[in-house]
Amino acid sequence: MSKQYVGVVGAGSFGTVIANILAENAPVLLYARRNEVVDEMRTMKRSGSYLLHQNIHPTNDLEQLAKECQVIFPIVSSSGFRDSISDLSPFLKPYHILIHGTKGLDVDHKAPKPLSRESVRTMSEVIQEESVVVRVGCLAGPNLAKELAEGQPGATVVASHFDEVIQIGQQLLRNPRFQVYGNNDLIGIELCGILKNVIAIASGALSGLGLGENSRALLISRGMVEMIYLGKALGGNVEAFIGLAGVGDLVATCFSKHSRNFTVGYRLAQGETLSEIMQTMEELAEGVNTTKIVKQLADYYDVGAPITRMLYKVLFEDLPVEKALDSLMKISFTEDVGFL
Amino acid sequence: MMRLFSRSKRTISGYEPILPTRKHWPVVQLSRQQDKFVEEVIQSSMERLAEEAPKLEELVDELETTLYRERLRIRQNPWAVDPQDEETFWKKIKNKLVGISVQHTNGNSLHKKQIEQAKEILRDIVSRYAHEISSTFKPSSYRLARNIVTFGFARLLNASRVKGFRSFYSTQYSLRDKINIVGEVELLRELAQKGTIIMVPTHFSNLDSILIGWVIHELGLPPFIYGAGLNLFNIKIFAYFMNSLGAYKVDRRKKNKIYVETLKAYSRQAIRWGCHSLFFPGGTRSRSGKVEDKLKLGLLGTAMEAQRLNYEQSEKKGEEAEKIFIVPVVLNYHFVLEAPSLIRDHLKIEGQERYYVETDEYSTSSKIIKFLFQFFTEGSDISVSFGKPMDLMGNLVDEEGRSLDKHGRKISMREYFCSGGKITRDIQRENEYTRMLGEAILKSYHINNRVFSSHLVAFTAFQMIKQKYPYLDLYNLLRIPEEEQVIEYKEYKQTFGKLREEIFRLHKAGKVDIAPHLKQEVDLVIAHGIDNVGLYHSRRPLLKNKEGNIITNDLNTLFYYHNRMEGYGLEQFFTQPHSRKQFIEE
């Protein structure tokens with residue numbers, strides 16, 4: 001195993017951090033689409049603000065990557081994910097194992113509204129639609145890139161229907177500072193990573209309003225319930241959500257002031273509109289797009305999702321954050337937990 | 001009316017057999033070397049069982065459980081086909097087991113001698129099961145049986161259709177006019193010469209296996225082997241056909257691990273010997289009348305394993321591996337003889353998988369002959385739709401048997417079993433592959449299901465009745481008096497027309513198939529449907545009254561035929577404008 005190269009597609013911050021973790025156990029081919037990025041990585045031995053491990057070899061040749069690596073980690077934004085896999089697809093074989101680390105949804109733009117699950121895909125489903133690869137998995141969990149890069153202790157979940165994929169993921173990623181759990185509920189774990197981004201924006205908004213920990217605790221616990229209802233409607237199981245990739249990741253993201261999702265919420269609460277925020281943010285937070293899609297799915301499947309619905313109004317219908325919070329606080333819930 | 005819809009034009013010309021002489025048939029090879037084959041089955045199941053219960057204590061537990069269950073079955077649920085020596089066999093096993101168990105309960109780990117004894121007992125049981133399952137294929141009986149079916153059916157058909165004294169010897173109509181074979185037949189014939197076929201039909205009626213057997217011959221394919229429920233051997237006429245067609249016996253009462261493993265080993269080895277096989281992956285007949293939406297994966301899993309073993313073996317021998325192809329088949333009838341009892345069972349157990357008593361509706365040879373006569377003397381079509389052949393991963397294959405991805409690029413099937421460049425055995429992986437294959441088969445059923453007029457008239461009528469009682473659940477709805485159910489024809493026709501449009505739309509989008517008769521003028525299609533739906537039931541599910549309105553004599557069977565159209569989202573045409581649950585936040 002150790003002589004074999006492991007592939008990483010996408011040299012963004014999370015992709016680079018994962019490549020660095022992998023490089024402790026195996027030589028890594030790190031793919032970036034743009035030549036100048038590859039050149040820079042080769043000459044400067046760094047990608048963005050992160051230094052590259054000496055075991056990492058930058059490349060922009062997908063064919064070579066597929067040839068050298070049996071295990072590939074695609075870690076690109078959800079908007080570019082389908083194209084990336086479709087570019088890689090001609091070189092992929094049935095023996096390949098793909099473990100992605102992208103937390104977003106893929107939408108068929110020609111699909112009728114409101115969107116149903118028919119036209120919304122998770123990344124593992126995109127891989128299977130675009131390629132012959134069936135041994136697919138995903139990475140999820142509280143993986144704040146900055147902390148991992150600093151070598152702080154952390155953990156992740158490798159989810160797959162295949163035990164083989166989980167075991168290989170564990171062998172490749174595990175080190176004394178990094179724990180790796182396995183889970184068989186692939187869709188559930190993917191949904192955890194996706195749905196928590198919505199709640200993370202809301203958490204940023206609470207912070208922007210200058211509210212304290214009681215309110216955040218309320219948000220996290222109600223957000224958790226909402227994630228579970230939505231997750232069940234979209235094909236996941238409850239168990240996934242109470243693990244590291246669910247509650248663990250939710251807590252980490254809701255408290256992280258560095259995440260893009262948190263920042264969007266924070267600035268909304270400070271009175272900026274989404275379009276103003278978009279003008280000054282290099283990359284849009286995944287959670288914004290996710291909110292738009294998940295709101296429609298909640299409509300289609302008749303799922304009670306008050307936080308998502310209210311956030312949708314704030315993001316796309318200019319509802320002031322204070323008013324949204326006001327409405328949420330007026331909901332008279334009768335039960336705390338009703339899904340177990 | 002009948003002539004209008006009958007399809008006298010032959011769509012398929014006669015097929016030459018793909019293997020000219022019977023001695024080349026894999027099933028004949030297998031029966032010639034039956035001892036060798038059964039020994040392989042025993043060996044293979046012993047190995048697998050040893051893997052599953054590696055510790056001797058586990059093996060003894062397994063043997064004790066099996067003994068207990070078998071004795072219970074003999075006492076509580078004996079069948080006429082059961083062998084005479086059952087009692088004595090299991091008594092012997094019991095006596096042998098007692099010796100080992102005494103040691104076992106003393107808490108000492110077992111000695112080598114005991115291990116050998118336990119293995120010997122296991123071998124006795126496996127060997128008994130393997131012989132019990134094993135078929136007795138006789139080419140001469142096969143030919144005779146097939147001739148009876150073809151000649152007999154054709155004579156009946158002509159006697160009924162072509163009037164007059166000489167009609168009995170007329171050849172104006174053949175079984176072909178009755179049974180429409182559609183789909184990827186040429187490709188199937190090609191592939192049957194290049195690899196091993198696993199045919200997986202939907203299952204509605206006990207007639208299915210006879211029908212499929214006839215179709216297989218008609219297409220020039222050698223006989224397939226298939227597992228037939230032992231209960232069918234209770235009925236003499238079936239027992240005759242089954243034995244002669246290469247059926248192996250499946251006893252659904254025996255659910256113990258040793259039996260199941262032996263059965264799987266039988267199937268796995270037969271596939272590896274190149275025998276084309278037939279599974280009904282739905283398990284039993286569909287009791288609800290719905291096209292299968294869940295499959296039993298046990299036997300499909302044996303195909304997956306056989307494929308991997310073929311690759312392993314071929315590598316050792318340095319020759320090309322025998323490839324296995326899956327061919328889904330959808331059978332469509334206007335009627336199912338057993339419908340009333342099937343739907344009764346279904347309603348009784350509400351879809352739960354439990355022990356059920358085989359009903360007596362269809363249990364004697366004379367009843368079946370009477371039914372067959374009726375079937376051929378009255379007009380009712382059957383269609384057998386072959387779906388696109390696939391490899392074991394659900395990929396489509398070309399005429400050379402090569403697997404293709406969605407973009408038409410060639411895939412190496414072997415590589416699905418590889419890790420690190422080598423073929424590896426990973427049972428969990430193969431189970432997951434089998435689950436995926438099951439999904440691909442269900443998808444194929446769904447799109448190859450041929451909508452008949454009878455399905456659609458039943459669906460429309462049942463949904464219209466249901467709409468009248470929005471507050472009743474299914475069980476209460478089925479209890480409302482039938483005589484009160486009258487649907488005004490004009491309204492019925494309008495709804496039917498709307499649904500048919502939707503079916504046409506789905507057909508165009510490649511999501512369902514349609515019978516040609518569905519395209520006729522709408523009044524004719526409705527009349528055709530009503531004439532044919534549940535044609536042979538004493539209480540007809542749909543009729544027209546004197547005023548020309550639609551009535552029902554049996555809501556249960558109407559529900560049964562209605563279920564055939566489930567899963568296409570047609571229900572939405574009947575519900576009130578979507579009443580979204582009111583959430584408190586809104």
# chains A, B, ... in the order shown; residues from 1 in each chain; ligands from 1
call {"tool": "closest_atom_pairs", "arguments": {"of": "chain A", "to": "chain B", "cutoff": "6 Å", "atoms": "only C-alpha atoms", "output": "CSV"}}
result
residue,atom,partner,partner_atom,distance
A:Pro94,CA,B:Tyr416,CA,5.0
A:Tyr95,CA,B:Glu415,CA,5.3
A:Phe162,CA,B:Arg429,CA,5.9
A:Ile331,CA,B:Glu585,CA,5.8
call {"tool": "residues_around", "arguments": {"residues": "Thr102 of chain A", "least_positions_apart": "6", "cutoff": "8 Å", "atoms": "only C-alpha atoms", "output": "tab-separated table (two decimals) with N, CA, C and O atoms, in the first residue's frame"}}
result
chain	number	residue	atom	x	y	z
A	74	PRO	N	-11.48	13.20	-4.32
A	74	PRO	CA	-11.87	14.44	-4.99
A	74	PRO	C	-12.37	15.44	-3.95
A	74	PRO	O	-13.30	15.14	-3.21
A	75	ILE	N	-11.71	16.60	-3.89
A	75	ILE	CA	-12.11	17.61	-2.91
A	75	ILE	C	-12.18	18.96	-3.63
A	75	ILE	O	-11.25	19.75	-3.60
A	76	VAL	N	-13.28	19.14	-4.35
A	76	VAL	CA	-13.48	20.39	-5.10
A	76	VAL	C	-14.84	20.95	-4.71
A	76	VAL	O	-15.63	20.26	-4.07
A	77	SER	N	-15.13	22.18	-5.10
A	77	SER	CA	-16.41	22.76	-4.69
A	77	SER	C	-17.57	22.01	-5.34
A	77	SER	O	-17.41	21.40	-6.40
A	78	SER	N	-18.74	22.05	-4.72
A	78	SER	CA	-19.86	21.28	-5.26
A	78	SER	C	-20.27	21.78	-6.63
A	78	SER	O	-20.72	21.01	-7.47
A	123	MET	N	-22.80	14.11	-3.70
A	123	MET	CA	-21.57	13.95	-4.49
A	123	MET	C	-21.28	12.48	-4.81
A	123	MET	O	-20.78	12.16	-5.88
A	138	CYS	N	-17.22	8.96	1.46
A	138	CYS	CA	-17.09	10.40	1.68
A	138	CYS	C	-16.39	10.65	3.01
A	138	CYS	O	-16.35	9.80	3.89
A	139	LEU	N	-15.82	11.84	3.11
A	139	LEU	CA	-15.20	12.30	4.35
A	139	LEU	C	-16.14	13.30	4.98
A	139	LEU	O	-16.65	14.19	4.29
call {"tool": "closest_residue", "arguments": {"among": "B:Lys92, B:Lys294, B:Arg435, B:Lys466", "to": "Thr202 of chain B", "atoms": "only C-alpha atoms"}}
result
B:Lys294
call {"tool": "atom_distance", "arguments": {"atom1": "atom CA of Lys323 of chain B", "atom2": "atom CA of Leu278 of chain B"}}
result
15.9 Å
call {"tool": "residues_around", "arguments": {"residues": "segment 129-132 of chain A", "least_positions_apart": "6", "cutoff": "7 Å", "atoms": "only C-alpha atoms", "output": "compact mmCIF listing (two decimals) with N, CA, C and O atoms, in the first residue's frame"}}
result
# COMPACT_ATOMS: atom_id res chain seq x y z
N ILE A 85 -15.43 15.33 -12.10
CA ILE A 85 -15.54 13.88 -12.21
C ILE A 85 -15.69 13.47 -13.67
O ILE A 85 -15.13 12.47 -14.11
N SER A 86 -16.43 14.27 -14.42
CA SER A 86 -16.62 13.91 -15.82
C SER A 86 -15.30 14.02 -16.60
O SER A 86 -15.04 13.24 -17.51
N SER A 89 -13.42 10.89 -15.49
CA SER A 89 -14.14 9.66 -15.79
C SER A 89 -13.53 8.75 -16.87
O SER A 89 -13.47 7.54 -16.68
N LEU A 92 -11.00 6.44 -15.34
CA LEU A 92 -11.34 5.66 -14.14
C LEU A 92 -11.74 4.24 -14.51
O LEU A 92 -12.33 4.00 -15.56
N LYS A 93 -11.40 3.30 -13.62
CA LYS A 93 -11.70 1.88 -13.83
C LYS A 93 -12.55 1.37 -12.66
O LYS A 93 -12.57 1.98 -11.61
N PRO A 94 -13.18 0.21 -12.87
CA PRO A 94 -14.02 -0.32 -11.79
C PRO A 94 -13.28 -0.61 -10.48
O PRO A 94 -13.91 -0.71 -9.44
N ASP B 405 -20.20 1.25 -20.30
CA ASP B 405 -20.67 2.25 -19.33
C ASP B 405 -21.70 3.15 -20.01
O ASP B 405 -22.06 2.93 -21.18
call {"tool": "residues_around", "arguments": {"residues": "Leu506 of chain B", "least_positions_apart": "5", "cutoff": "12 Å", "atoms": "only C-alpha atoms", "output": "list in words"}}
result
His446, Ile447, Asn448, Asn449, Arg450, Val451, Leu499, Arg500, Glu501, Lys511, Val512, Asp513, Ile514, Gly567, Tyr568, Gly569 and Leu570 of chain B
